[in-house]
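Shown next: model.pdb, given as PDB, C-alpha atoms.
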ATOM      1  CA  MET A   1     122.237  26.335 -64.296
ATOM      2  CA  THR A   2     121.796  23.337 -61.999
ATOM      3  CA  THR A   3     118.717  21.144 -61.966
ATOM      4  CA  ALA A   4     117.730  22.495 -58.544
ATOM      5  CA  THR A   5     118.112  26.064 -59.728
ATOM      6  CA  GLN A   6     116.024  25.333 -62.815
ATOM      7  CA  ALA A   7     113.308  23.860 -60.637
ATOM      8  CA  ARG A   8     113.269  26.938 -58.433
ATOM      9  CA  ALA A   9     113.132  29.196 -61.483
ATOM     10  CA  GLY A  10     110.192  27.203 -62.813
ATOM     11  CA  ARG A  11     108.328  27.696 -59.537
ATOM     12  CA  ALA A  12     109.003  31.432 -59.410
ATOM     13  CA  HIS A  13     105.816  33.424 -58.990
ATOM     14  CA  THR A  14     103.689  30.267 -58.792
ATOM     15  CA  VAL A  15     103.783  29.726 -55.016
ATOM     16  CA  ARG A  16     100.215  29.699 -53.769
ATOM     17  CA  ALA A  17      98.850  31.135 -50.561
ATOM     18  CA  ILE A  18     100.194  29.614 -47.361
ATOM     19  CA  GLY A  19      97.608  27.127 -46.121
ATOM     20  CA  PRO A  20      94.230  26.376 -47.754
ATOM     21  CA  LEU A  21      93.510  28.790 -50.590
ATOM     22  CA  PHE A  22      90.166  29.935 -49.183
ATOM     23  CA  ARG A  23      91.264  30.129 -45.535
ATOM     24  CA  TRP A  24      92.540  33.593 -44.669
ATOM     25  CA  ARG A  25      95.127  34.029 -41.934
ATOM     26  CA  THR A  26      94.927  37.045 -39.645
ATOM     27  CA  VAL A  27      98.090  38.440 -41.234
ATOM     28  CA  ASP A  28      96.461  38.198 -44.672
ATOM     29  CA  LEU A  29      93.423  40.172 -43.581
ATOM     30  CA  VAL A  30      95.481  42.822 -41.790
ATOM     31  CA  THR A  31      97.781  43.181 -44.781
ATOM     32  CA  ALA A  32      94.872  43.619 -47.205
ATOM     33  CA  VAL A  33      93.467  46.348 -44.978
ATOM     34  CA  MET A  34      96.831  48.083 -44.694
ATOM     35  CA  ILE A  35      97.335  47.987 -48.464
ATOM     36  CA  GLY A  36      93.876  49.455 -48.989
ATOM     37  CA  VAL A  37      94.358  52.236 -46.451
ATOM     38  CA  ALA A  38      97.804  53.174 -47.763
ATOM     39  CA  PHE A  39      96.583  53.438 -51.324
ATOM     40  CA  GLY A  40      93.404  55.220 -50.244
ATOM     41  CA  VAL A  41      95.628  57.980 -48.884
ATOM     42  CA  ALA A  42      97.770  57.897 -52.029
ATOM     43  CA  PHE A  43      94.629  58.296 -54.149
ATOM     44  CA  ILE A  44      94.128  61.780 -52.761
ATOM     45  CA  GLY A  45      97.493  62.839 -54.122
ATOM     46  CA  TRP A  46      96.885  61.068 -57.429
ATOM     47  CA  GLY A  47      93.600  62.939 -57.752
ATOM     48  CA  GLN A  48      95.585  66.176 -57.668
ATOM     49  CA  VAL A  49      97.911  64.832 -60.363
ATOM     50  CA  TYR A  50      94.828  64.039 -62.438
ATOM     51  CA  ASN A  51      93.557  67.598 -62.016
ATOM     52  CA  LEU A  52      96.900  69.248 -62.770
ATOM     53  CA  THR A  53      97.444  67.230 -65.933
ATOM     54  CA  GLY A  54      93.916  67.894 -67.219
ATOM     55  CA  PRO A  55      95.011  70.654 -69.652
ATOM     56  CA  LEU A  56      97.347  68.189 -71.369
ATOM     57  CA  PHE A  57      94.311  66.220 -72.526
ATOM     58  CA  ALA A  58      92.137  69.180 -73.495
ATOM     59  CA  ALA A  59      92.362  68.375 -77.219
ATOM     60  CA  LEU A  60      91.233  64.776 -76.683
ATOM     61  CA  PRO A  61      89.891  64.248 -73.125
ATOM     62  CA  PRO A  62      89.566  60.439 -73.353
ATOM     63  CA  LEU A  63      93.359  60.200 -73.412
ATOM     64  CA  SER A  64      93.245  60.990 -69.690
ATOM     65  CA  GLY A  65      92.420  57.313 -69.235
ATOM     66  CA  ILE A  66      96.151  56.664 -69.426
ATOM     67  CA  LEU A  67      96.281  57.775 -65.772
ATOM     68  CA  GLY A  68      93.589  55.359 -64.649
ATOM     69  CA  GLY A  69      95.689  52.297 -63.861
ATOM     70  CA  PHE A  70      97.058  53.854 -60.680
ATOM     71  CA  TRP A  71      93.641  53.496 -59.061
ATOM     72  CA  TRP A  72      93.668  49.716 -59.193
ATOM     73  CA  LEU A  73      97.200  49.263 -57.924
ATOM     74  CA  PRO A  74      95.981  48.136 -54.474
ATOM     75  CA  ALA A  75      94.075  45.276 -56.085
ATOM     76  CA  VAL A  76      97.107  44.096 -58.056
ATOM     77  CA  VAL A  77      99.495  44.456 -55.123
ATOM     78  CA  ALA A  78      97.179  42.645 -52.709
ATOM     79  CA  ALA A  79      96.576  39.800 -55.160
ATOM     80  CA  LEU A  80     100.293  39.290 -55.754
ATOM     81  CA  ILE A  81     101.185  39.387 -52.061
ATOM     82  CA  ILE A  82      98.296  37.552 -50.365
ATOM     83  CA  ARG A  83      97.425  35.175 -53.216
ATOM     84  CA  ARG A  84      93.936  34.304 -52.099
ATOM     85  CA  PRO A  85      90.645  34.750 -53.953
ATOM     86  CA  GLY A  86      89.095  38.040 -52.897
ATOM     87  CA  ALA A  87      92.321  39.762 -51.842
ATOM     88  CA  ALA A  88      92.281  42.128 -54.818
ATOM     89  CA  LEU A  89      88.617  42.989 -54.314
ATOM     90  CA  LEU A  90      88.954  43.567 -50.564
ATOM     91  CA  ALA A  91      91.997  45.852 -50.829
ATOM     92  CA  GLU A  92      90.441  47.843 -53.662
ATOM     93  CA  ILE A  93      87.152  48.367 -51.823
ATOM     94  CA  ILE A  94      88.999  49.532 -48.709
ATOM     95  CA  ALA A  95      91.075  51.987 -50.753
ATOM     96  CA  ALA A  96      87.929  53.232 -52.483
ATOM     97  CA  SER A  97      86.297  53.699 -49.062
ATOM     98  CA  VAL A  98      89.218  55.585 -47.529
ATOM     99  CA  GLU A  99      89.472  58.046 -50.416
ATOM    100  CA  PRO A 100      86.033  59.700 -49.913
ATOM    101  CA  LEU A 101      86.538  59.735 -46.145
ATOM    102  CA  LEU A 102      89.610  61.904 -46.755
ATOM    103  CA  GLY A 103      87.702  64.289 -48.999
ATOM    104  CA  GLY A 104      88.236  62.669 -52.376
ATOM    105  CA  GLN A 105      86.713  64.724 -55.158
ATOM    106  CA  TRP A 106      84.554  61.909 -56.574
ATOM    107  CA  GLY A 107      82.798  61.162 -53.299
ATOM    108  CA  LEU A 108      81.035  57.858 -52.713
ATOM    109  CA  ALA A 109      81.081  57.090 -56.450
ATOM    110  CA  THR A 110      84.556  55.690 -55.855
ATOM    111  CA  LEU A 111      82.963  52.738 -54.048
ATOM    112  CA  GLY A 112      81.394  51.573 -57.284
ATOM    113  CA  SER A 113      84.736  51.967 -59.021
ATOM    114  CA  GLY A 114      86.435  49.998 -56.266
ATOM    115  CA  VAL A 115      84.117  47.035 -56.720
ATOM    116  CA  ILE A 116      84.449  47.066 -60.521
ATOM    117  CA  GLN A 117      88.219  47.498 -60.538
ATOM    118  CA  GLY A 118      88.738  44.878 -57.855
ATOM    119  CA  LEU A 119      86.617  42.356 -59.754
ATOM    120  CA  GLY A 120      88.521  43.078 -62.958
ATOM    121  CA  VAL A 121      91.839  42.292 -61.305
ATOM    122  CA  GLU A 122      90.374  39.184 -59.660
ATOM    123  CA  LEU A 123      89.368  37.925 -63.101
ATOM    124  CA  GLY A 124      92.961  38.199 -64.302
ATOM    125  CA  PHE A 125      94.075  35.736 -61.639
ATOM    126  CA  LEU A 126      90.935  33.605 -61.862
ATOM    127  CA  ILE A 127      91.782  32.863 -65.503
ATOM    128  CA  PHE A 128      94.796  30.972 -64.161
ATOM    129  CA  ALA A 129      92.730  29.374 -61.362
ATOM    130  CA  TYR A 130      94.742  31.383 -58.808
ATOM    131  CA  GLY A 131      97.722  29.193 -59.636
ATOM    132  CA  LEU A 132      99.960  31.785 -61.292
ATOM    133  CA  PHE A 133     101.071  35.024 -59.669
ATOM    134  CA  SER A 134     103.333  36.775 -62.124
ATOM    135  CA  LEU A 135     103.363  39.654 -64.572
ATOM    136  CA  ALA A 136     100.961  37.985 -67.019
ATOM    137  CA  PRO A 137      97.868  37.664 -64.766
ATOM    138  CA  ALA A 138      98.653  41.030 -63.184
ATOM    139  CA  MET A 139      98.656  42.765 -66.569
ATOM    140  CA  ILE A 140      95.587  40.864 -67.764
ATOM    141  CA  GLY A 141      93.755  41.748 -64.563
ATOM    142  CA  GLY A 142      94.801  45.375 -64.883
ATOM    143  CA  ALA A 143      93.576  45.487 -68.465
ATOM    144  CA  LEU A 144      90.248  43.884 -67.537
ATOM    145  CA  ALA A 145      89.777  46.380 -64.719
ATOM    146  CA  GLY A 146      90.244  49.207 -67.216
ATOM    147  CA  LEU A 147      87.789  47.630 -69.637
ATOM    148  CA  LEU A 148      85.114  47.129 -66.971
ATOM    149  CA  GLU A 149      85.610  50.571 -65.433
ATOM    150  CA  THR A 150      85.115  52.402 -68.725
ATOM    151  CA  PRO A 151      81.310  52.046 -69.094
ATOM    152  CA  TYR A 152      80.830  52.930 -65.415
ATOM    153  CA  GLU A 153      82.708  56.192 -65.784
ATOM    154  CA  TRP A 154      81.152  56.910 -69.175
ATOM    155  CA  LEU A 155      77.646  56.721 -67.705
ATOM    156  CA  LEU A 156      78.543  58.495 -64.485
ATOM    157  CA  TYR A 157      80.898  61.270 -65.588
ATOM    158  CA  TYR A 158      81.056  61.506 -69.382
ATOM    159  CA  ARG A 159      77.557  61.048 -70.738
ATOM    160  CA  GLU A 160      78.175  63.768 -73.328
ATOM    161  CA  TRP A 161      80.864  61.687 -75.013
ATOM    162  CA  ALA A 162      80.059  59.959 -78.277
ATOM    163  CA  ILE A 163      80.772  56.253 -78.543
ATOM    164  CA  GLY A 164      84.019  57.000 -80.390
ATOM    165  CA  TYR A 165      85.303  58.983 -77.428
ATOM    166  CA  ALA A 166      84.258  56.171 -75.098
ATOM    167  CA  GLY A 167      86.158  53.724 -77.288
ATOM    168  CA  VAL A 168      89.326  55.798 -77.066
ATOM    169  CA  TYR A 169      88.866  56.003 -73.309
ATOM    170  CA  ALA A 170      88.496  52.221 -73.110
ATOM    171  CA  VAL A 171      91.740  51.705 -75.034
ATOM    172  CA  THR A 172      93.699  54.110 -72.834
ATOM    173  CA  MET A 173      92.214  52.596 -69.669
ATOM    174  CA  ILE A 174      93.143  49.094 -70.802
ATOM    175  CA  ILE A 175      96.697  50.153 -71.646
ATOM    176  CA  SER A 176      97.057  52.011 -68.354
ATOM    177  CA  GLY A 177      95.607  49.074 -66.443
ATOM    178  CA  ALA A 178      98.103  46.687 -67.967
ATOM    179  CA  LEU A 179     101.141  48.953 -67.638
ATOM    180  CA  VAL A 180     100.509  51.132 -64.570
ATOM    181  CA  GLY A 181      98.372  48.633 -62.695
ATOM    182  CA  GLY A 182      99.919  45.341 -63.786
ATOM    183  CA  LEU A 183     103.525  46.152 -64.613
ATOM    184  CA  LEU A 184     104.097  48.777 -61.915
ATOM    185  CA  GLY A 185     102.205  46.710 -59.355
ATOM    186  CA  THR A 186     104.375  43.681 -60.052
ATOM    187  CA  GLY A 187     107.534  45.769 -59.808
ATOM    188  CA  LEU A 188     106.397  47.236 -56.509
ATOM    189  CA  VAL A 189     105.759  43.808 -54.994
ATOM    190  CA  ARG A 190     109.155  42.540 -56.138
ATOM    191  CA  ALA A 191     110.831  45.613 -54.641
ATOM    192  CA  LEU A 192     109.033  45.041 -51.334
ATOM    193  CA  ALA A 193     110.017  41.367 -51.350
ATOM    194  CA  ALA A 194     113.662  42.377 -51.763
ATOM    195  CA  THR A 195     113.481  44.389 -48.522
ATOM    196  CA  GLY A 196     112.380  41.360 -46.512
ATOM    197  CA  VAL A 197     109.059  42.838 -45.352
ATOM    198  CA  LEU A 198     107.123  40.174 -47.267
ATOM    199  CA  ALA A 199     108.828  37.239 -45.551
ATOM    200  CA  PRO A 200     105.484  35.832 -44.247
ATOM    201  CA  PHE A 201     104.093  35.750 -47.789
ATOM    202  CA  PRO A 202     104.825  33.781 -50.982
ATOM    203  CA  PRO A 203     106.714  36.655 -52.692
ATOM    204  CA  GLY A 204     109.098  36.710 -49.737
ATOM    205  CA  ARG A 205     109.632  32.960 -50.016
ATOM    206  CA  GLU A 206     110.280  33.262 -53.736
ATOM    207  CA  HIS A 207     112.837  35.994 -53.170
ATOM    208  CA  ALA A 208     114.581  33.915 -50.496
ATOM    209  CA  GLU A 209     114.723  30.932 -52.848
ATOM    210  CA  ALA A 210     116.133  33.079 -55.637
ATOM    211  CA  ARG A 211     118.868  34.400 -53.365
ATOM    212  CA  GLY A 212     119.773  30.872 -52.370
ATOM    213  CA  ALA A 213     120.040  29.757 -55.994
TER     214      ALA A 213
END
Here is a file; write its structure as structure tokens.
Amino acid sequence: MTTATQARAGRAHTVRAIGPLFRWRTVDLVTAVMIGVAFGVAFIGWGQVYNLTGPLFAALPPLSGILGGFWWLPAVVAALIIRRPGAALLAEIIAASVEPLLGGQWGLATLGSGVIQGLGVELGFLIFAYGLFSLAPAMIGGALAGLLETPYEWLLYYREWAIGYAGVYAVTMIISGALVGGLLGTGLVRALAATGVLAPFPPGREHAEARGA
């Protein structure tokens, strides 16, 4: 490997937002909205998956938390693409707003989940001062979103659960957040970058650099 190639590899997934970190471009805002809307629609379908798989968790209902990470995918994807503070939160809130408008079964309660999940993912990137955009902060953010979402859902939907059940739910939500939210979200962004549609964003630049290595 040449010195130039090594340098590019070292920079991979560390390219910050284009322009000042706190100054959003129009394309950033539009993209965050589009990500939120697209996933808001997808949430309706995932809600049906959640319902259909319910009998599989009848013996131990808290295990259903393993499906939770899908709901904070928009936050992870937006954070990895836009790379600005607030991107994860904005996309997640939009997705959580679109879902009830389309008849989502949890109604306006999803707005609270959107805020909590978005903040959890933001924390994963904040830990690295928004200077690292790779699998690690994505998985940490996904795990934190699962941890923070657990008490909200416990109080809102599962008050009859004992603390042991809530603990199991927290573990499954954390695992799902890291794997489904963080790992799958990272893979999705890399796949999109490979198509060229993310050319105006850092992941697109990283992919172009990698191809030129």
Apply the PyMOL selection byres ((chain A and resi 147) around 8) to the file shown and report the selected residues as an NGL selection string. :A and (143-146 or 148-151 or 170-171 or 173-174)
Would you please work out which residue, of A:Ala208, A:Ala162, A:Leu198, A:Val49, is nearest to Ala78 (chain A) when using all atoms listed in the file? A:Leu198
Run through the PyMOL selection byres ((chain A and resi 82-91) around 7) on the given coordinates and return the selected residues as a short mmCIF file (atom, residue, chain, number, x, y, z; two decimals) with C-alpha atoms, in the frame of the given file.
data_model
loop_
_atom_site.label_atom_id
_atom_site.label_comp_id
_atom_site.auth_asym_id
_atom_site.auth_seq_id
_atom_site.Cartn_x
_atom_site.Cartn_y
_atom_site.Cartn_z
CA ARG A 16 100.22 29.70 -53.77
CA ALA A 17 98.85 31.14 -50.56
CA LEU A 21 93.51 28.79 -50.59
CA PHE A 22 90.17 29.94 -49.18
CA ASP A 28 96.46 38.20 -44.67
CA ALA A 32 94.87 43.62 -47.20
CA VAL A 33 93.47 46.35 -44.98
CA ILE A 35 97.34 47.99 -48.46
CA GLY A 36 93.88 49.46 -48.99
CA PRO A 74 95.98 48.14 -54.47
CA ALA A 75 94.08 45.28 -56.08
CA VAL A 76 97.11 44.10 -58.06
CA ALA A 78 97.18 42.64 -52.71
CA ALA A 79 96.58 39.80 -55.16
CA LEU A 80 100.29 39.29 -55.75
CA ILE A 81 101.18 39.39 -52.06
CA GLU A 92 90.44 47.84 -53.66
CA ILE A 93 87.15 48.37 -51.82
CA ILE A 94 89.00 49.53 -48.71
CA ALA A 95 91.08 51.99 -50.75
CA VAL A 115 84.12 47.04 -56.72
CA GLY A 118 88.74 44.88 -57.86
CA LEU A 119 86.62 42.36 -59.75
CA VAL A 121 91.84 42.29 -61.30
CA GLU A 122 90.37 39.18 -59.66
CA PHE A 201 104.09 35.75 -47.79
#
Determine, counting all atoms listed in the file, which protein, DNA and RNA residues have an atom within 8 Å of an atom of region 39-43 of chain A; residues of the same chain fewer than 6 positions away are not included. Present the result as a PyMOL selection string. chain A and resi 71+73-74+94-99+102+104
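Residues matching the PyMOL selection byres ((chain A and resi 133) around 9) in this structure come to Ala12, His13, Thr14, Val15, Arg16, Ala79, Leu80, Ile81, Arg83, Phe125, Phe128, Tyr130, Gly131, Leu132, Ser134, Leu135, Ala136, Pro137 and Ala138 of chain A.
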Correct to one decimal, the distance CA of Thr53 (chain A)-CA of Gly185 (chain A) is 22.1 Å
Region 83-101 of chain A: axis-aligned bounding box, 4 Å on each side, centre and edge lengths in Å, one decimal, as AutoDock Vina command-line options:
--center_x 91.7 --center_y 47.0 --center_z -50.5 --size_x 19.4 --size_y 33.4 --size_z 16.7
A:Gly212, A:Gly164, A:Gly107, A:Pro202 ranked by distance to Gly19 (chain A), top pick (using all atoms listed in the file):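 Closest residue, counting all atoms listed in the file: A:Pro202.
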Which one is closest to Arg190 (chain A): A:Thr172, A:Ala210, A:Leu56, A:Ala166? Count only C-alpha atoms.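 Comparing A:Thr172, A:Ala210, A:Leu56, A:Ala166 against Arg190 (chain A), the winner is A:Ala210.
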Atom-to-atom span, CA of Gly120 (chain A) and CA of Gly142 (chain A), Å: 7.0 Å
In Å, with one decimal, what is the gap from CA of Phe70 (chain A) to CA of Gly124 (chain A)?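 Separating CA of Phe70 (chain A) from CA of Gly124 (chain A) is a distance of 16.6 Å.
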Kindly indicate which residue among A:Leu63, A:Met139, A:Ala38, A:Val197 lies nearest to Val180 (chain A), using only C-alpha atoms for the distances. A:Met139
From the list A:Ile163, A:Ala58, A:Leu101, A:Val77, which residue is nearest Ile44 (chain A) when using only C-alpha atoms? A:Leu101
